[in-house]
Amino acid sequence: MMNYEHFGTFLKELREARNLTKEQLASGVCTRKEIYRIEKGEYQPSLYLLNKLSIKLNVDLNEYFKMYYTVKTADGLIGIQEINDAINLADINCLKEVIKKYEDNDDFRQGENLQHIYYAKAICESDIGNYKESLEYCTKGILIENTLFTIDTISEFMYSNVGLAIINCISINYLKMKKSEVAYKILSDLLSLIEKYYINAPYTMYQAGQFSKKMYINLQYNLSCIFLSNDELDKAEEMIENSIEYSIKENNLKCLPNLIYNKFKFHYKKRNFEEAAEYFVQAKGLFKLVKQMNTCIEIDEYAREEYPEILRFLDDRNVVVS
């Protein structure tokens with residue numbers, strides 16, 4: 001690693017090597033004050049700002065920035081992996097233990113590592129219905145990365161993987177708080193951001209990785225759920241079809257069962273019971289394929305209460321859904 005006090009020291013050296021004043025570097029990119037604060041180590045640039053500075057200086061600043069932004073020690077790397085593993089397994093008790101293990105560790109007191117702690121705490125609070133507390137942790141986490149963040153400016157910046165996850169967590173909290181309009185805005189802006197800067201990235205350094213591809217599918221799924229609940233069926237159908245097509249293209253089978261289940265709900269709302277029954281059977285088969293047996297039981301129980309016509313349709317045709 002290069003011997004710099006912080007990222008701003010490196011940026012200053014690079015600027016001076018290009019014979020640029022702070023005003024010249026800031027022109028068309030940001031304010032002179034932001035450049036001053038970055039170089040003093042008082043302000044961490046967002047990914048969006050790094051992108052613009054990279055283009056201005058004709059060098060990819062992301063890798064250099066990560067050397068200072070993330071604490072790349074063994075504890076840091078292992079701790080982040082343990083947090084992500086617990087989140088992927090949806091094991092809240094395990095996640096709480098991991099938080100206790102690392103939150104007082106010096107390697108988790110700043111930057112991306114601290115973001116992971118806040119994100120993990122946000123998930124734990126949301127799981128027990130403390131949505132406002134969860135939002136507070138989300139806010140603390142995202143402000144580490146982007147001090148200019150607001151719900152109204154989401155699509156104006158780029159974010160790290162954990163930053164994207166935190167913003168998605170914010171939308172989920174608003175959904176659970178029955179504030180669907182706010183959740184819709186966040187999800188829509190996040191979807192637009194990922195399409196613009198990752199899926200259709202103009203620069204190879206920002207092309208979508210597996211995380212952003214997975215989030216892209218999940219965002220479309222969450223938006224289709226909102227459209228279905230609001231009976232905006234045309235919008236729901238378009239979002240479902242797009243996400244199914246993209247899931248198959250990317251060979252992402254994990255998300256496919258929920259998408260097919262939403263397709264079932266779409267046809268049920270349209271009273272196309274034959275098509276609905278077909279997708280209901282397909283969804284159950286896919287949930288079994290990815291070993292989500294509890295979900296199979298849950299959708300059967302839910303169908304008896306909310307979608308009785310499907311069960312009658314299957315009974316009339318002697319279709320056995322095990």
# chains A, B, ... in the order shown; residues from 1 in each chain; ligands from 1
>>> select_by_dssp(residues="region 59-300 of chain A", states="helix (DSSP H, G or I)", output="number ranges by chain")
A: 62-69, 74-88, 92-102, 106-108, 111-127, 131-145, 151-156, 161-176, 180-199, 204-206, 210-229, 233-249, 256-269, 273-289, 293-300
>>> residues_around(residues="region 163-173 of chain A", least_positions_apart="3", cutoff="6 Å", atoms="only C-alpha atoms", output="list in words")
Tyr131, Cys138, Ile142, Tyr159, Ser160, Lys176, Ala183 and Ile186 of chain A
>>> atom_distance(atom1="CA of Ile92 (chain A)", atom2="CA of Leu253 (chain A)")
24.0 Å
>>> residues_around(residues="region 266-280 of chain A", least_positions_apart="2", cutoff="12 Å", atoms="only C-alpha atoms", output="PDB file with N, CA, C and O atoms, in the first residue's frame")
ATOM      1  N   SER A 224     -43.008  -4.941  -8.343  1.00  0.00           N
ATOM      2  CA  SER A 224     -44.168  -5.685  -8.856  1.00  0.00           C
ATOM      3  C   SER A 224     -45.141  -6.001  -7.730  1.00  0.00           C
ATOM      4  O   SER A 224     -46.362  -6.016  -7.942  1.00  0.00           O
ATOM      5  N   CYS A 225     -44.622  -6.232  -6.517  1.00  0.00           N
ATOM      6  CA  CYS A 225     -45.500  -6.478  -5.357  1.00  0.00           C
ATOM      7  C   CYS A 225     -46.345  -5.239  -5.052  1.00  0.00           C
ATOM      8  O   CYS A 225     -47.540  -5.358  -4.752  1.00  0.00           O
ATOM      9  N   ILE A 226     -45.712  -4.061  -5.121  1.00  0.00           N
ATOM     10  CA  ILE A 226     -46.454  -2.820  -4.891  1.00  0.00           C
ATOM     11  C   ILE A 226     -47.524  -2.634  -5.958  1.00  0.00           C
ATOM     12  O   ILE A 226     -48.678  -2.296  -5.655  1.00  0.00           O
ATOM     13  N   PHE A 227     -47.177  -2.855  -7.209  1.00  0.00           N
ATOM     14  CA  PHE A 227     -48.141  -2.695  -8.302  1.00  0.00           C
ATOM     15  C   PHE A 227     -49.306  -3.663  -8.153  1.00  0.00           C
ATOM     16  O   PHE A 227     -50.474  -3.301  -8.374  1.00  0.00           O
ATOM     17  N   LEU A 228     -49.015  -4.905  -7.759  1.00  0.00           N
ATOM     18  CA  LEU A 228     -50.084  -5.890  -7.568  1.00  0.00           C
ATOM     19  C   LEU A 228     -51.012  -5.476  -6.426  1.00  0.00           C
ATOM     20  O   LEU A 228     -52.231  -5.587  -6.544  1.00  0.00           O
ATOM     21  N   SER A 229     -50.426  -4.995  -5.328  1.00  0.00           N
ATOM     22  CA  SER A 229     -51.259  -4.607  -4.186  1.00  0.00           C
ATOM     23  C   SER A 229     -52.111  -3.388  -4.500  1.00  0.00           C
ATOM     24  O   SER A 229     -53.187  -3.213  -3.924  1.00  0.00           O
ATOM     25  N   ASN A 230     -51.648  -2.558  -5.444  1.00  0.00           N
ATOM     26  CA  ASN A 230     -52.409  -1.373  -5.854  1.00  0.00           C
ATOM     27  C   ASN A 230     -53.289  -1.631  -7.074  1.00  0.00           C
ATOM     28  O   ASN A 230     -53.905  -0.700  -7.605  1.00  0.00           O
ATOM     29  N   ASP A 231     -53.330  -2.897  -7.506  1.00  0.00           N
ATOM     30  CA  ASP A 231     -54.095  -3.297  -8.699  1.00  0.00           C
ATOM     31  C   ASP A 231     -53.670  -2.539  -9.957  1.00  0.00           C
ATOM     32  O   ASP A 231     -54.460  -2.329 -10.878  1.00  0.00           O
ATOM     33  N   GLU A 232     -52.397  -2.161 -10.020  1.00  0.00           N
ATOM     34  CA  GLU A 232     -51.836  -1.585 -11.246  1.00  0.00           C
ATOM     35  C   GLU A 232     -51.269  -2.741 -12.067  1.00  0.00           C
ATOM     36  O   GLU A 232     -50.055  -2.945 -12.148  1.00  0.00           O
ATOM     37  N   LEU A 233     -52.158  -3.487 -12.686  1.00  0.00           N
ATOM     38  CA  LEU A 233     -51.798  -4.782 -13.253  1.00  0.00           C
ATOM     39  C   LEU A 233     -50.903  -4.678 -14.484  1.00  0.00           C
ATOM     40  O   LEU A 233     -50.036  -5.533 -14.694  1.00  0.00           O
ATOM     41  N   ASP A 234     -51.111  -3.674 -15.309  1.00  0.00           N
ATOM     42  CA  ASP A 234     -50.254  -3.523 -16.493  1.00  0.00           C
ATOM     43  C   ASP A 234     -48.808  -3.273 -16.086  1.00  0.00           C
ATOM     44  O   ASP A 234     -47.878  -3.859 -16.654  1.00  0.00           O
ATOM     45  N   LYS A 235     -48.614  -2.396 -15.096  1.00  0.00           N
ATOM     46  CA  LYS A 235     -47.261  -2.114 -14.608  1.00  0.00           C
ATOM     47  C   LYS A 235     -46.667  -3.359 -13.950  1.00  0.00           C
ATOM     48  O   LYS A 235     -45.477  -3.654 -14.108  1.00  0.00           O
ATOM     49  N   ALA A 236     -47.507  -4.079 -13.194  1.00  0.00           N
ATOM     50  CA  ALA A 236     -47.037  -5.289 -12.522  1.00  0.00           C
ATOM     51  C   ALA A 236     -46.583  -6.321 -13.543  1.00  0.00           C
ATOM     52  O   ALA A 236     -45.510  -6.926 -13.396  1.00  0.00           O
ATOM     53  N   GLU A 237     -47.366  -6.510 -14.589  1.00  0.00           N
ATOM     54  CA  GLU A 237     -47.020  -7.507 -15.606  1.00  0.00           C
ATOM     55  C   GLU A 237     -45.697  -7.169 -16.281  1.00  0.00           C
ATOM     56  O   GLU A 237     -44.840  -8.048 -16.478  1.00  0.00           O
ATOM     57  N   GLU A 238     -45.517  -5.903 -16.643  1.00  0.00           N
ATOM     58  CA  GLU A 238     -44.274  -5.489 -17.299  1.00  0.00           C
ATOM     59  C   GLU A 238     -43.063  -5.734 -16.395  1.00  0.00           C
ATOM     60  O   GLU A 238     -42.033  -6.253 -16.839  1.00  0.00           O
ATOM     61  N   MET A 239     -43.197  -5.372 -15.115  1.00  0.00           N
ATOM     62  CA  MET A 239     -42.091  -5.545 -14.178  1.00  0.00           C
ATOM     63  C   MET A 239     -41.790  -7.026 -13.949  1.00  0.00           C
ATOM     64  O   MET A 239     -40.624  -7.434 -13.905  1.00  0.00           O
ATOM     65  N   ILE A 240     -42.840  -7.843 -13.832  1.00  0.00           N
ATOM     66  CA  ILE A 240     -42.653  -9.283 -13.617  1.00  0.00           C
ATOM     67  C   ILE A 240     -41.966  -9.916 -14.820  1.00  0.00           C
ATOM     68  O   ILE A 240     -41.011 -10.696 -14.679  1.00  0.00           O
ATOM     69  N   GLU A 241     -42.432  -9.601 -16.012  1.00  0.00           N
ATOM     70  CA  GLU A 241     -41.862 -10.186 -17.232  1.00  0.00           C
ATOM     71  C   GLU A 241     -40.392  -9.785 -17.387  1.00  0.00           C
ATOM     72  O   GLU A 241     -39.550 -10.617 -17.739  1.00  0.00           O
ATOM     73  N   LEU A 256     -36.234 -16.719  -8.911  1.00  0.00           N
ATOM     74  CA  LEU A 256     -37.282 -17.097  -9.860  1.00  0.00           C
ATOM     75  C   LEU A 256     -38.585 -17.584  -9.215  1.00  0.00           C
ATOM     76  O   LEU A 256     -39.672 -17.217  -9.693  1.00  0.00           O
ATOM     77  N   PRO A 257     -38.547 -18.380  -8.133  1.00  0.00           N
ATOM     78  CA  PRO A 257     -39.816 -18.839  -7.537  1.00  0.00           C
ATOM     79  C   PRO A 257     -40.751 -17.704  -7.129  1.00  0.00           C
ATOM     80  O   PRO A 257     -41.956 -17.754  -7.401  1.00  0.00           O
ATOM     81  N   ASN A 258     -40.204 -16.663  -6.493  1.00  0.00           N
ATOM     82  CA  ASN A 258     -41.043 -15.536  -6.081  1.00  0.00           C
ATOM     83  C   ASN A 258     -41.609 -14.782  -7.278  1.00  0.00           C
ATOM     84  O   ASN A 258     -42.742 -14.298  -7.243  1.00  0.00           O
ATOM     85  N   LEU A 259     -40.822 -14.688  -8.343  1.00  0.00           N
ATOM     86  CA  LEU A 259     -41.288 -13.999  -9.547  1.00  0.00           C
ATOM     87  C   LEU A 259     -42.422 -14.773 -10.209  1.00  0.00           C
ATOM     88  O   LEU A 259     -43.421 -14.188 -10.656  1.00  0.00           O
ATOM     89  N   ILE A 260     -42.280 -16.089 -10.283  1.00  0.00           N
ATOM     90  CA  ILE A 260     -43.338 -16.925 -10.862  1.00  0.00           C
ATOM     91  C   ILE A 260     -44.594 -16.871  -9.985  1.00  0.00           C
ATOM     92  O   ILE A 260     -45.725 -16.856 -10.492  1.00  0.00           O
ATOM     93  N   TYR A 261     -44.385 -16.812  -8.669  1.00  0.00           N
ATOM     94  CA  TYR A 261     -45.532 -16.692  -7.756  1.00  0.00           C
ATOM     95  C   TYR A 261     -46.263 -15.374  -7.980  1.00  0.00           C
ATOM     96  O   TYR A 261     -47.497 -15.320  -7.936  1.00  0.00           O
ATOM     97  N   ASN A 262     -45.518 -14.306  -8.240  1.00  0.00           N
ATOM     98  CA  ASN A 262     -46.163 -13.032  -8.560  1.00  0.00           C
ATOM     99  C   ASN A 262     -46.908 -13.101  -9.884  1.00  0.00           C
ATOM    100  O   ASN A 262     -47.944 -12.450 -10.059  1.00  0.00           O
ATOM    101  N   LYS A 263     -46.401 -13.893 -10.805  1.00  0.00           N
ATOM    102  CA  LYS A 263     -47.103 -14.068 -12.080  1.00  0.00           C
ATOM    103  C   LYS A 263     -48.426 -14.796 -11.846  1.00  0.00           C
ATOM    104  O   LYS A 263     -49.434 -14.503 -12.494  1.00  0.00           O
ATOM    105  N   PHE A 264     -48.408 -15.748 -10.913  1.00  0.00           N
ATOM    106  CA  PHE A 264     -49.655 -16.411 -10.516  1.00  0.00           C
ATOM    107  C   PHE A 264     -50.652 -15.390  -9.961  1.00  0.00           C
ATOM    108  O   PHE A 264     -51.827 -15.367 -10.347  1.00  0.00           O
ATOM    109  N   GLN A 282     -46.202 -24.182 -10.929  1.00  0.00           N
ATOM    110  CA  GLN A 282     -44.795 -23.937 -11.266  1.00  0.00           C
ATOM    111  C   GLN A 282     -44.051 -23.323 -10.081  1.00  0.00           C
ATOM    112  O   GLN A 282     -42.917 -23.717  -9.779  1.00  0.00           O
ATOM    113  N   ALA A 283     -44.686 -22.357  -9.417  1.00  0.00           N
ATOM    114  CA  ALA A 283     -44.043 -21.686  -8.285  1.00  0.00           C
ATOM    115  C   ALA A 283     -43.738 -22.677  -7.169  1.00  0.00           C
ATOM    116  O   ALA A 283     -42.639 -22.679  -6.598  1.00  0.00           O
ATOM    117  N   LYS A 284     -44.710 -23.551  -6.861  1.00  0.00           N
ATOM    118  CA  LYS A 284     -44.483 -24.540  -5.806  1.00  0.00           C
ATOM    119  C   LYS A 284     -43.333 -25.465  -6.164  1.00  0.00           C
ATOM    120  O   LYS A 284     -42.501 -25.805  -5.323  1.00  0.00           O
ATOM    121  N   GLY A 285     -43.292 -25.853  -7.442  1.00  0.00           N
ATOM    122  CA  GLY A 285     -42.201 -26.718  -7.887  1.00  0.00           C
ATOM    123  C   GLY A 285     -40.844 -26.047  -7.756  1.00  0.00           C
ATOM    124  O   GLY A 285     -39.857 -26.675  -7.339  1.00  0.00           O
ATOM    125  N   LEU A 286     -40.793 -24.768  -8.076  1.00  0.00           N
ATOM    126  CA  LEU A 286     -39.528 -24.034  -7.978  1.00  0.00           C
ATOM    127  C   LEU A 286     -39.107 -23.816  -6.527  1.00  0.00           C
ATOM    128  O   LEU A 286     -37.922 -23.888  -6.199  1.00  0.00           O
ATOM    129  N   PHE A 287     -40.088 -23.535  -5.660  1.00  0.00           N
ATOM    130  CA  PHE A 287     -39.749 -23.390  -4.240  1.00  0.00           C
ATOM    131  C   PHE A 287     -39.162 -24.693  -3.691  1.00  0.00           C
ATOM    132  O   PHE A 287     -38.238 -24.673  -2.871  1.00  0.00           O
ATOM    133  N   CYS A 296     -43.485 -23.403   0.586  1.00  0.00           N
ATOM    134  CA  CYS A 296     -44.523 -24.225  -0.061  1.00  0.00           C
ATOM    135  C   CYS A 296     -45.727 -24.388   0.854  1.00  0.00           C
ATOM    136  O   CYS A 296     -46.882 -24.281   0.409  1.00  0.00           O
ATOM    137  N   ILE A 299     -47.615 -20.902   1.190  1.00  0.00           N
ATOM    138  CA  ILE A 299     -48.440 -20.451   0.068  1.00  0.00           C
ATOM    139  C   ILE A 299     -49.683 -21.325  -0.084  1.00  0.00           C
ATOM    140  O   ILE A 299     -50.716 -20.864  -0.567  1.00  0.00           O
ATOM    141  N   ASP A 300     -49.596 -22.591   0.349  1.00  0.00           N
ATOM    142  CA  ASP A 300     -50.795 -23.440   0.366  1.00  0.00           C
ATOM    143  C   ASP A 300     -51.819 -22.896   1.362  1.00  0.00           C
ATOM    144  O   ASP A 300     -53.014 -22.779   1.053  1.00  0.00           O
ATOM    145  N   TYR A 302     -51.973 -19.870   2.579  1.00  0.00           N
ATOM    146  CA  TYR A 302     -52.409 -18.545   2.139  1.00  0.00           C
ATOM    147  C   TYR A 302     -53.427 -18.660   1.007  1.00  0.00           C
ATOM    148  O   TYR A 302     -54.396 -17.886   0.942  1.00  0.00           O
ATOM    149  N   ALA A 303     -53.225 -19.646   0.141  1.00  0.00           N
ATOM    150  CA  ALA A 303     -54.143 -19.837  -0.997  1.00  0.00           C
ATOM    151  C   ALA A 303     -55.552 -20.176  -0.520  1.00  0.00           C
ATOM    152  O   ALA A 303     -56.538 -19.733  -1.121  1.00  0.00           O
ATOM    153  N   GLU A 306     -56.865 -16.599   0.613  1.00  0.00           N
ATOM    154  CA  GLU A 306     -56.861 -15.472  -0.324  1.00  0.00           C
ATOM    155  C   GLU A 306     -57.138 -15.865  -1.778  1.00  0.00           C
ATOM    156  O   GLU A 306     -57.591 -15.034  -2.560  1.00  0.00           O
ATOM    157  N   TYR A 307     -56.863 -17.113  -2.155  1.00  0.00           N
ATOM    158  CA  TYR A 307     -57.011 -17.523  -3.555  1.00  0.00           C
ATOM    159  C   TYR A 307     -57.792 -18.843  -3.678  1.00  0.00           C
ATOM    160  O   TYR A 307     -57.336 -19.811  -4.294  1.00  0.00           O
ATOM    161  N   PRO A 308     -58.975 -18.896  -3.088  1.00  0.00           N
ATOM    162  CA  PRO A 308     -59.731 -20.159  -3.071  1.00  0.00           C
ATOM    163  C   PRO A 308     -60.081 -20.675  -4.464  1.00  0.00           C
ATOM    164  O   PRO A 308     -60.203 -21.895  -4.661  1.00  0.00           O
ATOM    165  N   GLU A 309     -60.265 -19.772  -5.425  1.00  0.00           N
ATOM    166  CA  GLU A 309     -60.626 -20.204  -6.776  1.00  0.00           C
ATOM    167  C   GLU A 309     -59.556 -21.112  -7.385  1.00  0.00           C
ATOM    168  O   GLU A 309     -59.886 -21.998  -8.190  1.00  0.00           O
ATOM    169  N   ILE A 310     -58.317 -20.890  -7.035  1.00  0.00           N
ATOM    170  CA  ILE A 310     -57.241 -21.715  -7.594  1.00  0.00           C
ATOM    171  C   ILE A 310     -57.357 -23.139  -7.096  1.00  0.00           C
ATOM    172  O   ILE A 310     -57.240 -24.094  -7.860  1.00  0.00           O
ATOM    173  N   LEU A 311     -57.580 -23.283  -5.801  1.00  0.00           N
ATOM    174  CA  LEU A 311     -57.700 -24.634  -5.248  1.00  0.00           C
ATOM    175  C   LEU A 311     -58.905 -25.353  -5.826  1.00  0.00           C
ATOM    176  O   LEU A 311     -58.843 -26.554  -6.131  1.00  0.00           O
ATOM    177  N   ARG A 312     -60.030 -24.626  -6.002  1.00  0.00           N
ATOM    178  CA  ARG A 312     -61.211 -25.243  -6.616  1.00  0.00           C
ATOM    179  C   ARG A 312     -60.918 -25.627  -8.069  1.00  0.00           C
ATOM    180  O   ARG A 312     -61.327 -26.691  -8.537  1.00  0.00           O
ATOM    181  N   PHE A 313     -60.200 -24.759  -8.774  1.00  0.00           N
ATOM    182  CA  PHE A 313     -59.868 -25.032 -10.177  1.00  0.00           C
ATOM    183  C   PHE A 313     -59.007 -26.292 -10.277  1.00  0.00           C
ATOM    184  O   PHE A 313     -59.247 -27.150 -11.139  1.00  0.00           O
ATOM    185  N   LEU A 314     -58.023 -26.414  -9.388  1.00  0.00           N
ATOM    186  CA  LEU A 314     -57.152 -27.592  -9.403  1.00  0.00           C
ATOM    187  C   LEU A 314     -57.919 -28.857  -8.987  1.00  0.00           C
ATOM    188  O   LEU A 314     -57.716 -29.928  -9.578  1.00  0.00           O
ATOM    189  N   ASP A 315     -58.813 -28.715  -8.003  1.00  0.00           N
ATOM    190  CA  ASP A 315     -59.616 -29.885  -7.576  1.00  0.00           C
ATOM    191  C   ASP A 315     -60.513 -30.357  -8.703  1.00  0.00           C
ATOM    192  O   ASP A 315     -60.659 -31.567  -8.930  1.00  0.00           O
ATOM    193  N   ASP A 316     -61.149 -29.414  -9.401  1.00  0.00           N
ATOM    194  CA  ASP A 316     -62.061 -29.775 -10.500  1.00  0.00           C
ATOM    195  C   ASP A 316     -61.342 -30.547 -11.601  1.00  0.00           C
ATOM    196  O   ASP A 316     -61.953 -31.365 -12.302  1.00  0.00           O
ATOM    197  N   ARG A 317     -60.071 -30.277 -11.767  1.00  0.00           N
ATOM    198  CA  ARG A 317     -59.294 -30.954 -12.826  1.00  0.00           C
ATOM    199  C   ARG A 317     -58.425 -32.069 -12.295  1.00  0.00           C
ATOM    200  O   ARG A 317     -57.558 -32.600 -12.997  1.00  0.00           O
ATOM    201  N   VAL A 319     -56.009 -32.069 -10.286  1.00  0.00           N
ATOM    202  CA  VAL A 319     -54.581 -31.804 -10.258  1.00  0.00           C
ATOM    203  C   VAL A 319     -54.110 -31.887  -8.805  1.00  0.00           C
ATOM    204  O   VAL A 319     -54.621 -31.153  -7.944  1.00  0.00           O
ATOM    205  N   VAL A 320     -53.167 -32.764  -8.547  1.00  0.00           N
ATOM    206  CA  VAL A 320     -52.647 -32.926  -7.197  1.00  0.00           C
ATOM    207  C   VAL A 320     -51.371 -32.114  -7.061  1.00  0.00           C
ATOM    208  O   VAL A 320     -50.411 -32.302  -7.820  1.00  0.00           O
ATOM    209  N   VAL A 321     -51.367 -31.174  -6.113  1.00  0.00           N
ATOM    210  CA  VAL A 321     -50.179 -30.352  -5.859  1.00  0.00           C
ATOM    211  C   VAL A 321     -49.631 -30.773  -4.510  1.00  0.00           C
ATOM    212  O   VAL A 321     -50.165 -30.405  -3.475  1.00  0.00           O
ATOM    213  N   SER A 322     -48.566 -31.559  -4.532  1.00  0.00           N
ATOM    214  CA  SER A 322     -48.001 -32.081  -3.271  1.00  0.00           C
ATOM    215  C   SER A 322     -47.001 -31.123  -2.687  1.00  0.00           C
ATOM    216  O   SER A 322     -46.511 -30.242  -3.362  1.00  0.00           O
TER     217      SER A 322
END
>>> atom_distance(atom1="CA of Asn200 (chain A)", atom2="CA of Asn113 (chain A)")
28.2 Å
>>> atom_distance(atom1="CA of Tyr119 (chain A)", atom2="CA of Asn252 (chain A)")
24.3 Å
>>> residues_around(residues="Ala86 (chain A)", least_positions_apart="2", cutoff="12 Å", atoms="only C-alpha atoms", output="PyMOL selection string")
chain A and resi 79-84+88-99+116+120+123-124
>>> residues_around(residues="region 193-199 of chain A", least_positions_apart="2", cutoff="12 Å", atoms="only C-alpha atoms", output="JSON, numbers by chain")
{"A": [47, 48, 51, 153, 154, 155, 156, 157, 158, 159, 160, 161, 164, 165, 167, 168, 186, 187, 188, 189, 190, 191, 201, 202, 203, 204, 205, 206, 207, 208, 209, 210, 211, 212, 213, 214, 215, 216, 217, 218, 219, 220, 246, 250]}
>>> closest_residue(among="A:Asn146, A:Phe10, A:Ile128, A:Gln24", to="Leu49 (chain A)", atoms="only C-alpha atoms")
A:Asn146
>>> closest_residue(among="A:Leu14, A:Asp75, A:Ala122, A:Glu42", to="Tyr102 (chain A)", atoms="only C-alpha atoms")
A:Asp75
>>> residues_around(residues="Leu114 (chain A)", least_positions_apart="4", cutoff="10 Å", atoms="only C-alpha atoms", output="number ranges by chain")
A: 70-71, 76, 80, 102-103, 105-110, 118-120, 140-141, 144
